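Containing CSV, C-alpha atoms and all ligand atoms: upload_35.csv.
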chain,number,residue,atom,x,y,z
A,1173,MET,CA,-128.7,22.5,85.7
A,1174,VAL,CA,-126.3,24.6,87.8
A,1175,SER,CA,-126.5,27.6,85.6
A,1176,THR,CA,-130.3,27.3,85.4
A,1177,LEU,CA,-130.4,27.4,89.2
A,1178,LYS,CA,-128.1,30.4,89.2
A,1179,MET,CA,-130.3,32.3,86.8
A,1180,HIS,CA,-133.3,31.3,88.9
A,1181,PHE,CA,-131.8,32.9,92.0
A,1182,GLU,CA,-130.7,36.0,90.0
A,1183,GLU,CA,-134.2,36.4,88.7
A,1184,LYS,CA,-135.7,36.1,92.2
A,1185,ARG,CA,-133.1,38.5,93.6
A,1186,LYS,CA,-134.0,41.1,90.9
A,1187,ARG,CA,-137.7,40.7,91.7
A,1188,LEU,CA,-137.1,41.2,95.4
A,1189,VAL,CA,-135.1,44.3,94.8
A,1190,GLU,CA,-137.8,45.7,92.4
A,1191,SER,CA,-140.5,45.1,95.1
A,1192,LEU,CA,-138.4,46.8,97.8
A,1193,LYS,CA,-138.0,49.8,95.4
A,1194,ASP,CA,-141.8,49.8,94.6
A,1195,ARG,CA,-142.5,49.9,98.4
A,1196,GLY,CA,-140.2,52.9,98.8
A,1197,ILE,CA,-137.8,51.0,101.1
A,1198,LEU,CA,-134.9,50.9,98.6
A,1199,THR,CA,-134.0,54.3,97.2
A,1200,LYS,CA,-130.2,54.7,97.2
A,1201,PRO,CA,-128.5,53.5,94.0
A,1202,GLU,CA,-125.5,52.1,96.0
A,1203,VAL,CA,-127.8,50.1,98.3
A,1204,ILE,CA,-129.8,48.8,95.4
A,1205,ARG,CA,-126.5,47.7,93.7
A,1206,ALA,CA,-125.3,45.9,96.8
A,1207,MET,CA,-128.7,44.1,97.3
A,1208,LEU,CA,-128.4,42.9,93.6
A,1209,ILE,CA,-124.9,41.7,94.0
A,1210,VAL,CA,-124.8,39.9,97.4
A,1211,LEU,CA,-126.0,36.3,97.1
A,1212,ARG,CA,-128.4,35.9,100.0
A,1213,HIS,CA,-129.0,32.3,99.2
A,1214,LYS,CA,-125.4,31.5,100.1
A,1215,PHE,CA,-126.0,32.7,103.7
A,1216,VAL,CA,-129.0,30.6,104.6
A,1217,PRO,CA,-129.2,26.8,105.4
A,1218,LYS,CA,-129.4,24.6,102.3
A,1219,ASP,CA,-133.0,23.6,103.0
A,1220,ALA,CA,-134.0,27.3,103.1
A,1221,GLU,CA,-132.2,28.3,99.8
A,1222,SER,CA,-135.5,28.4,97.8
A,1223,SER,CA,-136.9,30.9,100.3
A,1224,ALA,CA,-133.8,33.2,100.3
A,1225,TYR,CA,-135.4,35.9,98.2
A,1226,MET,CA,-138.7,36.1,100.0
A,1227,ASP,CA,-139.1,39.2,102.1
A,1228,SER,CA,-139.1,37.4,105.4
A,1229,PRO,CA,-136.7,36.4,108.2
A,1230,LEU,CA,-135.4,32.8,108.1
A,1231,SER,CA,-134.1,30.4,110.7
A,1232,ILE,CA,-130.3,30.0,110.7
A,1233,GLY,CA,-130.2,27.6,113.7
A,1234,LEU,CA,-129.5,28.0,117.4
A,1235,GLY,CA,-132.8,29.8,117.7
A,1236,GLN,CA,-131.5,32.8,115.6
A,1237,THR,CA,-132.6,34.3,112.3
A,1238,ILE,CA,-131.4,36.2,109.3
A,1239,SER,CA,-133.5,39.4,109.2
A,1240,ALA,CA,-136.0,40.1,106.4
A,1241,PRO,CA,-134.4,41.8,103.4
A,1242,HIS,CA,-136.5,44.9,103.8
A,1243,MET,CA,-134.9,45.4,107.3
A,1244,ASN,CA,-131.4,44.9,105.8
A,1245,ALA,CA,-132.2,47.5,103.1
A,1246,MET,CA,-133.7,49.9,105.6
A,1247,MET,CA,-130.8,49.7,108.0
A,1248,CYS,CA,-128.2,50.2,105.2
A,1249,GLU,CA,-130.1,53.2,103.9
A,1250,TYR,CA,-130.3,54.9,107.3
A,1251,LEU,CA,-126.7,54.3,108.1
A,1252,GLU,CA,-125.6,56.3,105.0
A,1253,LEU,CA,-122.8,53.8,104.4
A,1254,LYS,CA,-120.0,55.0,102.1
A,1255,GLU,CA,-116.8,53.8,100.6
A,1256,GLY,CA,-114.0,53.8,103.2
A,1257,ASP,CA,-116.2,53.5,106.3
A,1258,LYS,CA,-115.1,51.4,109.2
A,1259,ILE,CA,-118.2,49.5,110.5
A,1260,LEU,CA,-119.0,47.6,113.6
A,1261,GLU,CA,-121.9,45.2,113.4
A,1262,ILE,CA,-123.3,43.5,116.6
A,1263,GLY,CA,-125.0,40.2,115.7
A,1264,THR,CA,-123.3,38.6,112.7
A,1265,GLY,CA,-125.9,35.8,112.5
A,1266,SER,CA,-125.6,34.4,108.9
A,1267,GLY,CA,-123.0,37.1,107.9
A,1268,TYR,CA,-125.3,38.4,105.1
A,1269,HIS,CA,-125.7,41.9,106.5
A,1270,ALA,CA,-122.0,42.1,107.1
A,1271,ALA,CA,-121.4,41.2,103.4
A,1272,LEU,CA,-123.9,43.8,102.3
A,1273,CYS,CA,-122.1,46.4,104.4
A,1274,ALA,CA,-118.8,45.3,102.8
A,1275,GLU,CA,-120.2,45.7,99.3
A,1276,LEU,CA,-121.0,49.3,100.2
A,1277,VAL,CA,-117.9,50.3,102.1
A,1278,ALA,CA,-115.4,48.4,100.0
A,1279,PRO,CA,-116.7,47.9,96.4
A,1280,GLU,CA,-114.5,46.0,94.0
A,1281,GLU,CA,-111.4,47.9,92.9
A,1282,SER,CA,-111.9,50.6,95.6
A,1283,GLN,CA,-108.9,52.8,96.2
A,1284,ASN,CA,-110.1,53.4,99.7
A,1285,PRO,CA,-111.7,50.2,101.0
A,1286,GLY,CA,-113.5,50.3,104.3
A,1287,HIS,CA,-113.8,47.3,106.7
A,1288,VAL,CA,-116.6,45.6,108.6
A,1289,PHE,CA,-115.9,44.1,112.1
A,1290,THR,CA,-118.8,41.9,113.1
A,1291,ILE,CA,-119.4,40.2,116.5
A,1292,GLU,CA,-121.5,37.1,117.2
A,1293,ARG,CA,-122.0,35.4,120.5
A,1294,HIS,CA,-122.8,31.9,119.2
A,1295,GLU,CA,-119.6,30.0,118.1
A,1296,GLY,CA,-121.5,27.8,115.7
A,1297,LEU,CA,-122.9,30.8,113.8
A,1298,VAL,CA,-119.4,32.4,113.7
A,1299,LYS,CA,-118.1,29.3,112.0
A,1300,ASN,CA,-120.9,29.3,109.4
A,1301,ALA,CA,-120.7,33.0,108.8
A,1302,ARG,CA,-117.0,32.9,108.2
A,1303,GLU,CA,-117.5,30.1,105.6
A,1304,SER,CA,-120.3,32.0,103.8
A,1305,ILE,CA,-118.3,35.2,103.8
A,1306,LYS,CA,-115.3,33.4,102.3
A,1307,LYS,CA,-117.4,31.6,99.7
A,1308,THR,CA,-118.9,34.8,98.5
A,1309,GLY,CA,-115.6,36.7,98.4
A,1310,TYR,CA,-115.9,39.2,101.2
A,1311,GLU,CA,-113.2,37.7,103.4
A,1312,ALA,CA,-110.7,40.6,102.9
A,1313,ASN,CA,-113.2,43.2,104.1
A,1314,VAL,CA,-115.1,41.4,106.8
A,1315,THR,CA,-113.7,40.2,110.2
A,1316,VAL,CA,-116.0,37.9,112.2
A,1317,ILE,CA,-115.3,38.0,115.9
A,1318,HIS,CA,-116.7,35.6,118.5
A,1319,GLY,CA,-117.8,37.4,121.7
A,1320,ASP,CA,-120.2,39.7,123.5
A,1321,GLY,CA,-120.9,42.5,121.2
A,1322,THR,CA,-122.5,44.7,123.9
A,1323,LEU,CA,-118.8,45.4,124.8
A,1324,GLY,CA,-118.1,46.6,121.3
A,1325,HIS,CA,-114.6,46.1,119.9
A,1326,PRO,CA,-112.4,48.7,121.5
A,1327,LYS,CA,-109.3,47.6,119.6
A,1328,GLU,CA,-110.5,49.0,116.3
A,1329,ALA,CA,-112.6,51.9,117.7
A,1330,PRO,CA,-113.8,54.5,116.8
A,1331,TYR,CA,-116.2,53.4,114.1
A,1332,ASP,CA,-117.9,55.5,111.4
A,1333,LYS,CA,-121.1,53.5,111.8
A,1334,ILE,CA,-122.4,50.9,114.2
A,1335,LEU,CA,-125.2,48.5,113.3
A,1336,VAL,CA,-126.9,46.4,116.0
A,1337,THR,CA,-129.1,43.5,114.6
A,1338,ALA,CA,-130.5,42.3,117.9
A,1339,ALA,CA,-132.9,44.2,120.2
A,1340,SER,CA,-131.1,46.1,123.0
A,1341,PRO,CA,-132.7,47.2,126.3
A,1342,SER,CA,-133.9,50.8,126.1
A,1343,LYS,CA,-130.6,51.9,127.8
A,1344,ILE,CA,-128.3,51.7,124.8
A,1345,PRO,CA,-125.0,49.9,125.7
A,1346,LEU,CA,-122.5,52.5,126.8
A,1347,PRO,CA,-119.5,50.9,125.0
A,1348,LEU,CA,-121.3,51.3,121.7
A,1349,ARG,CA,-122.0,55.0,122.2
A,1350,ASP,CA,-118.3,55.5,123.3
A,1351,GLN,CA,-116.9,53.6,120.3
A,1352,LEU,CA,-118.9,55.7,117.8
A,1353,LYS,CA,-116.8,58.4,116.0
A,1354,ASP,CA,-117.8,62.0,116.3
A,1355,GLY,CA,-120.2,62.5,113.4
A,1356,GLY,CA,-120.9,58.7,113.4
A,1357,ILE,CA,-124.3,56.9,113.1
A,1358,LEU,CA,-125.6,54.1,115.3
A,1359,CYS,CA,-128.6,52.0,114.0
A,1360,ILE,CA,-130.2,50.0,116.8
A,1361,PRO,CA,-133.4,48.2,117.7
A,1362,ALA,CA,-134.3,48.8,121.3
A,1363,GLY,CA,-137.1,48.2,123.8
A,1364,SER,CA,-138.3,45.1,125.6
A,1365,LYS,CA,-136.9,41.6,125.3
A,1366,ASN,CA,-139.5,40.1,123.0
A,1367,PHE,CA,-142.2,42.7,122.0
A,1368,GLY,CA,-142.5,46.5,121.9
A,1369,GLN,CA,-139.2,47.4,120.1
A,1370,ASN,CA,-138.4,50.3,117.9
A,1371,LEU,CA,-135.6,51.0,115.4
A,1372,TYR,CA,-133.6,54.0,116.3
A,1373,ILE,CA,-131.0,56.1,114.4
A,1374,ILE,CA,-128.6,57.8,116.8
A,1375,LYS,CA,-126.2,60.5,115.5
A,1376,LYS,CA,-123.2,61.6,117.6
A,1377,HIS,CA,-121.9,65.2,117.5
A,1378,LYS,CA,-119.4,66.4,120.0
A,1379,ASN,CA,-120.4,63.8,122.5
A,1380,GLU,CA,-124.1,64.7,122.2
A,1381,PHE,CA,-126.5,62.1,120.8
A,1382,LYS,CA,-129.5,62.9,118.6
A,1383,THR,CA,-132.0,60.1,118.5
A,1384,LYS,CA,-134.7,59.5,115.9
A,1385,LYS,CA,-137.3,56.8,116.2
A,1386,ILE,CA,-137.9,55.1,112.8
A,1387,THR,CA,-140.5,52.4,113.2
A,1388,GLY,CA,-141.7,49.4,115.3
A,1389,VAL,CA,-139.7,46.2,114.8
A,1390,ARG,CA,-139.2,42.7,116.2
A,1391,PHE,CA,-135.7,41.4,116.7
A,1392,VAL,CA,-134.2,38.5,118.8
A,1393,PRO,CA,-132.8,39.9,122.0
A,1394,LEU,CA,-129.3,41.3,122.5
A,1395,ILE,CA,-127.8,39.1,125.2
A,1396,GLY,CA,-124.8,40.3,127.1
A,1397,LYS,CA,-123.2,42.4,129.8
A,1398,PHE,CA,-124.9,45.6,128.5
A,1399,GLY,CA,-127.8,43.8,127.0
A,1400,PHE,CA,-130.5,41.4,128.4
A,1401,GLU,CA,-129.8,38.4,130.5
A,1402,SER,CA,-129.9,35.0,128.7
A,1501,LIG,N1,-127.2,40.4,111.0
A,1501,LIG,C1,-127.6,39.0,110.9
A,1501,LIG,C2,-127.6,38.4,109.5
A,1501,LIG,O1,-127.3,39.2,108.5
A,1501,LIG,O2,-127.9,37.2,109.4
A,1501,LIG,C3,-128.9,38.7,111.6
A,1501,LIG,C4,-128.8,38.8,113.1
A,1501,LIG,S1,-129.9,38.0,114.1
A,1501,LIG,C5,-131.4,38.8,113.8
A,1501,LIG,C6,-129.2,38.6,115.7
A,1501,LIG,C7,-127.9,37.9,116.1
A,1501,LIG,O3,-127.4,38.6,117.2
A,1501,LIG,C8,-128.1,36.5,116.5
A,1501,LIG,O4,-127.2,35.7,115.7
A,1501,LIG,C9,-127.6,36.5,118.0
A,1501,LIG,O5,-126.9,35.3,118.3
A,1501,LIG,C10,-126.7,37.7,118.0
A,1501,LIG,N2,-126.5,38.3,119.3
A,1501,LIG,C11,-127.3,38.5,120.3
A,1501,LIG,N3,-126.7,39.1,121.4
A,1501,LIG,C12,-125.4,39.3,121.0
A,1501,LIG,C13,-124.2,39.8,121.6
A,1501,LIG,N4,-124.3,40.4,122.8
A,1501,LIG,N5,-123.1,39.8,120.9
A,1501,LIG,C14,-123.0,39.3,119.6
A,1501,LIG,N6,-124.1,38.8,119.0
A,1501,LIG,C15,-125.3,38.8,119.7

Take the structure in the file and write it out as structure tokens.
Ligand code: SAM
Amino acid sequence: MVSTLKMHFEEKRKRLVESLKDRGILTKPEVIRAMLIVLRHKFVPKDAESSAYMDSPLSIGLGQTISAPHMNAMMCEYLELKEGDKILEIGTGSGYHAALCAELVAPEESQNPGHVFTIERHEGLVKNARESIKKTGYEANVTVIHGDGTLGHPKEAPYDKILVTAASPSKIPLPLRDQLKDGGILCIPAGSKNFGQNLYIIKKHKNEFKTKKITGVRFVPLIGKFGFES
């Protein structure tokens, strides 16, 4: 029974990846590999397991969501994640996207493993994400921090890549720009609190920032000192 269920999830995961490839969203072999390996069903509440491989956001409690897989895939592709990268993620949520990043920056038996630091403001989600990350084997390469991610995590800065998975106000939090390495990439949804947001890719070169608008998106708001008020 257990192995039938496991096969069932594996089959659904493969079908999801194939459809994201067909839609032109998944193109990079390393991102495709990570999406096939990370067990998304282990990051959602038990009663949502059967929907884990549908391309839609799912509730994870406390009014928050795990993003739709196409958004995870898109953000990973635009961030150009590579082995050895040090990543900062703001908005751990379920921990799934942090695990995907870990699979990309620290693949098994890597001689140069990178690390993912991920910040979540809800303590209950921090606890669940830590458990899921441990269960799926990413504990050594992912550190989950409880706090206000709009402040970044100066202790480990600078970061090769910064990923924000909640919608920022149009003025991008200054600490995140400061904590990005020269040559680094920031991927962030920004705009208004509930509607009218876009996904941006921001590249830093010698303290200059080049911003590219990717597409319209809808994320839960980034709440914090440099974000929206709760
Ligand atoms: N990346 C997540 C995943 O893989 O499940 C999905 C993130 S969910 C769309 C956005 C998350 O950002 C929520 O869990 C929310 O609590 C969190 N958040 C919002 N403002 C934050 C802040 N200032 N610092 C840290 N987390 C924040």

Problem - Closest of A:Ser1364, A:Asn1244, A:Ser1340, A:Asn1370 to Ile1197 in chain A - atom-to-atom distances counting all atoms listed in the file - result: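 Of all the options, A:Asn1244 lies closest to Ile1197 in chain A.
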
As a check of understanding: the span from atom C7 of ligand LIG 1501 (chain A) to CA of Ala1338 in chain A is 5.4 Å

task = Throw together the list of residues within 9 Å of ligand LIG 1501 (chain A), counting all atoms listed in the file, and drop it here as a PyMOL selection string.
result = chain A and resi 1215-1216+1229-1230+1232-1240+1244+1261-1272+1290-1294+1297-1298+1301+1317-1324+1335-1340+1391-1400+1402

* Determine the nearest neighbour of Val1203 in chain A from the options A:Ala1362, A:Leu1276, A:Ile1374, A:Ala1312, counting all atoms listed in the file. =>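 Selected residue with least distance to Val1203 in chain A: A:Leu1276.
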
**Asked** Pick from A:Lys1375, A:Lys1254, A:Lys1307, A:Lys1327: nearest to Ala1278 in chain A, with all atoms listed in the file counted?
**Response**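 Of A:Lys1375, A:Lys1254, A:Lys1307, A:Lys1327, the one nearest Ala1278 in chain A, counting all atoms listed in the file, is A:Lys1254.
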
re CA of Thr1199 in chain A and CA of Ile1357 in chain A: distance 18.8 Å

Worksheet item: Contacts of Lys1353 in chain A at 10 Å or less, counting only C-alpha atoms, minus same-chain residues fewer than 6 places along, as a PyMOL selection string?
Response: chain A and resi 1258+1329-1334+1375-1379

For Arg1185 in chain A, please output as number ranges by chain all residues within 10 Å (counting only C-alpha atoms; exclusion window: fewer than 2 positions along the same chain). A: 1179-1183, 1187-1190, 1207-1213, 1224-1226

If you count all atoms listed in the file, the residue of A:Ser1304, A:Ser1222, A:Phe1289, A:Pro1345 closest to His1325 in chain A turns out to be A:Phe1289

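You will find CA of Gly1286 in chain A at 14.4 Å from CA of Gly1356 in chain A.
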
Closest of A:Lys1306, A:Lys1365, A:Lys1384, A:Arg1349 to Lys1214 in chain A, counting all atoms listed in the file, is A:Lys1306

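Counting only C-alpha atoms, the residue from A:Ile1305, A:Glu1281, A:Leu1346, A:Leu1260 that sits nearest to Glu1328 in chain A is A:Leu1260.
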
Using only C-alpha atoms and a cutoff of 8 Å, can you tell me which residues are near (-140.5, 46.6, 113.8) in the file's coordinates, and write them out as number ranges by chain? A: 1369-1371, 1387-1391

- Message: Applying 7 Å and all atoms listed in the file, which residues near Ala1274 in chain A remain after dropping the ones on its own chain fewer than 4 positions away? List them as an NGL selection string.
- Response: :A and (1270 or 1278 or 1287-1288 or 1310 or 1313-1314)

Give me a file of those residues, with C-alpha atoms, as an mmCIF file, keeping the file's coordinate frame.
data_model
loop_
_atom_site.group_PDB
_atom_site.id
_atom_site.type_symbol
_atom_site.label_atom_id
_atom_site.label_comp_id
_atom_site.auth_asym_id
_atom_site.auth_seq_id
_atom_site.Cartn_x
_atom_site.Cartn_y
_atom_site.Cartn_z
ATOM 1 C CA ALA A 1270 -122.000 42.100 107.100
ATOM 2 C CA ALA A 1278 -115.400 48.400 100.000
ATOM 3 C CA HIS A 1287 -113.800 47.300 106.700
ATOM 4 C CA VAL A 1288 -116.600 45.600 108.600
ATOM 5 C CA TYR A 1310 -115.900 39.200 101.200
ATOM 6 C CA ASN A 1313 -113.200 43.200 104.100
ATOM 7 C CA VAL A 1314 -115.100 41.400 106.800
#

Atoms are missing here; could range 1375-1401 of chain A be completed with N, CA and C atoms and written as a PDB file, keeping the file's coordinate frame?
ATOM      1  N   LYS A1375    -127.334  59.782 116.113  1.00  0.00           N
ATOM      2  CA  LYS A1375    -126.200  60.500 115.500  1.00  0.00           C
ATOM      3  C   LYS A1375    -125.395  61.158 116.629  1.00  0.00           C
ATOM      4  N   LYS A1376    -124.065  61.017 116.548  1.00  0.00           N
ATOM      5  CA  LYS A1376    -123.200  61.600 117.600  1.00  0.00           C
ATOM      6  C   LYS A1376    -122.508  62.837 117.090  1.00  0.00           C
ATOM      7  N   HIS A1377    -122.631  63.924 117.860  1.00  0.00           N
ATOM      8  CA  HIS A1377    -121.900  65.200 117.500  1.00  0.00           C
ATOM      9  C   HIS A1377    -121.366  65.754 118.785  1.00  0.00           C
ATOM     10  N   LYS A1378    -120.037  65.861 118.826  1.00  0.00           N
ATOM     11  CA  LYS A1378    -119.400  66.400 120.000  1.00  0.00           C
ATOM     12  C   LYS A1378    -119.909  65.860 121.288  1.00  0.00           C
ATOM     13  N   ASN A1379    -119.945  64.535 121.349  1.00  0.00           N
ATOM     14  CA  ASN A1379    -120.400  63.800 122.500  1.00  0.00           C
ATOM     15  C   ASN A1379    -121.882  64.041 122.890  1.00  0.00           C
ATOM     16  N   GLU A1380    -122.638  64.627 121.955  1.00  0.00           N
ATOM     17  CA  GLU A1380    -124.100  64.700 122.200  1.00  0.00           C
ATOM     18  C   GLU A1380    -124.749  63.740 121.191  1.00  0.00           C
ATOM     19  N   PHE A1381    -125.849  63.154 121.620  1.00  0.00           N
ATOM     20  CA  PHE A1381    -126.500  62.100 120.800  1.00  0.00           C
ATOM     21  C   PHE A1381    -127.910  62.601 120.416  1.00  0.00           C
ATOM     22  N   LYS A1382    -128.175  62.583 119.096  1.00  0.00           N
ATOM     23  CA  LYS A1382    -129.500  62.900 118.600  1.00  0.00           C
ATOM     24  C   LYS A1382    -130.199  61.632 118.196  1.00  0.00           C
ATOM     25  N   THR A1383    -131.342  61.330 118.790  1.00  0.00           N
ATOM     26  CA  THR A1383    -132.000  60.100 118.500  1.00  0.00           C
ATOM     27  C   THR A1383    -133.290  60.256 117.737  1.00  0.00           C
ATOM     28  N   LYS A1384    -133.447  59.428 116.689  1.00  0.00           N
ATOM     29  CA  LYS A1384    -134.700  59.500 115.900  1.00  0.00           C
ATOM     30  C   LYS A1384    -135.330  58.110 115.874  1.00  0.00           C
ATOM     31  N   LYS A1385    -136.617  58.053 116.228  1.00  0.00           N
ATOM     32  CA  LYS A1385    -137.300  56.800 116.200  1.00  0.00           C
ATOM     33  C   LYS A1385    -137.814  56.546 114.755  1.00  0.00           C
ATOM     34  N   ILE A1386    -137.517  55.365 114.209  1.00  0.00           N
ATOM     35  CA  ILE A1386    -137.900  55.100 112.800  1.00  0.00           C
ATOM     36  C   ILE A1386    -139.209  54.353 112.701  1.00  0.00           C
ATOM     37  N   THR A1387    -139.270  53.169 113.305  1.00  0.00           N
ATOM     38  CA  THR A1387    -140.500  52.400 113.200  1.00  0.00           C
ATOM     39  C   THR A1387    -140.490  51.214 114.194  1.00  0.00           C
ATOM     40  N   GLY A1388    -141.624  50.597 114.413  1.00  0.00           N
ATOM     41  CA  GLY A1388    -141.700  49.400 115.300  1.00  0.00           C
ATOM     42  C   GLY A1388    -141.076  48.220 114.587  1.00  0.00           C
ATOM     43  N   VAL A1389    -140.360  47.397 115.355  1.00  0.00           N
ATOM     44  CA  VAL A1389    -139.700  46.200 114.800  1.00  0.00           C
ATOM     45  C   VAL A1389    -139.767  45.049 115.729  1.00  0.00           C
ATOM     46  N   ARG A1390    -139.335  43.884 115.256  1.00  0.00           N
ATOM     47  CA  ARG A1390    -139.200  42.700 116.200  1.00  0.00           C
ATOM     48  C   ARG A1390    -137.941  41.984 115.870  1.00  0.00           C
ATOM     49  N   PHE A1391    -137.025  42.022 116.825  1.00  0.00           N
ATOM     50  CA  PHE A1391    -135.700  41.400 116.700  1.00  0.00           C
ATOM     51  C   PHE A1391    -135.514  40.379 117.849  1.00  0.00           C
ATOM     52  N   VAL A1392    -134.619  39.413 117.643  1.00  0.00           N
ATOM     53  CA  VAL A1392    -134.200  38.500 118.800  1.00  0.00           C
ATOM     54  C   VAL A1392    -133.425  39.428 119.737  1.00  0.00           C
ATOM     55  N   PRO A1393    -133.404  39.053 121.039  1.00  0.00           N
ATOM     56  CA  PRO A1393    -132.800  39.900 122.000  1.00  0.00           C
ATOM     57  C   PRO A1393    -131.232  39.967 121.942  1.00  0.00           C
ATOM     58  N   LEU A1394    -130.698  41.121 122.315  1.00  0.00           N
ATOM     59  CA  LEU A1394    -129.300  41.300 122.500  1.00  0.00           C
ATOM     60  C   LEU A1394    -128.897  40.816 123.865  1.00  0.00           C
ATOM     61  N   ILE A1395    -128.135  39.737 123.907  1.00  0.00           N
ATOM     62  CA  ILE A1395    -127.800  39.100 125.200  1.00  0.00           C
ATOM     63  C   ILE A1395    -126.364  39.431 125.556  1.00  0.00           C
ATOM     64  N   GLY A1396    -126.136  39.988 126.737  1.00  0.00           N
ATOM     65  CA  GLY A1396    -124.800  40.300 127.100  1.00  0.00           C
ATOM     66  C   GLY A1396    -124.657  41.202 128.286  1.00  0.00           C
ATOM     67  N   LYS A1397    -123.437  41.589 128.617  1.00  0.00           N
ATOM     68  CA  LYS A1397    -123.200  42.400 129.800  1.00  0.00           C
ATOM     69  C   LYS A1397    -124.032  43.697 129.799  1.00  0.00           C
ATOM     70  N   PHE A1398    -124.114  44.375 128.644  1.00  0.00           N
ATOM     71  CA  PHE A1398    -124.900  45.600 128.500  1.00  0.00           C
ATOM     72  C   PHE A1398    -126.214  45.372 127.807  1.00  0.00           C
ATOM     73  N   GLY A1399    -126.597  44.093 127.697  1.00  0.00           N
ATOM     74  CA  GLY A1399    -127.800  43.800 127.000  1.00  0.00           C
ATOM     75  C   GLY A1399    -128.786  43.071 127.991  1.00  0.00           C
ATOM     76  N   PHE A1400    -129.593  42.142 127.492  1.00  0.00           N
ATOM     77  CA  PHE A1400    -130.500  41.400 128.400  1.00  0.00           C
ATOM     78  C   PHE A1400    -129.752  40.165 128.906  1.00  0.00           C
ATOM     79  N   GLU A1401    -130.310  39.619 130.017  1.00  0.00           N
ATOM     80  CA  GLU A1401    -129.800  38.400 130.500  1.00  0.00           C
ATOM     81  C   GLU A1401    -130.278  37.225 129.678  1.00  0.00           C
TER      82      GLU A1401
END
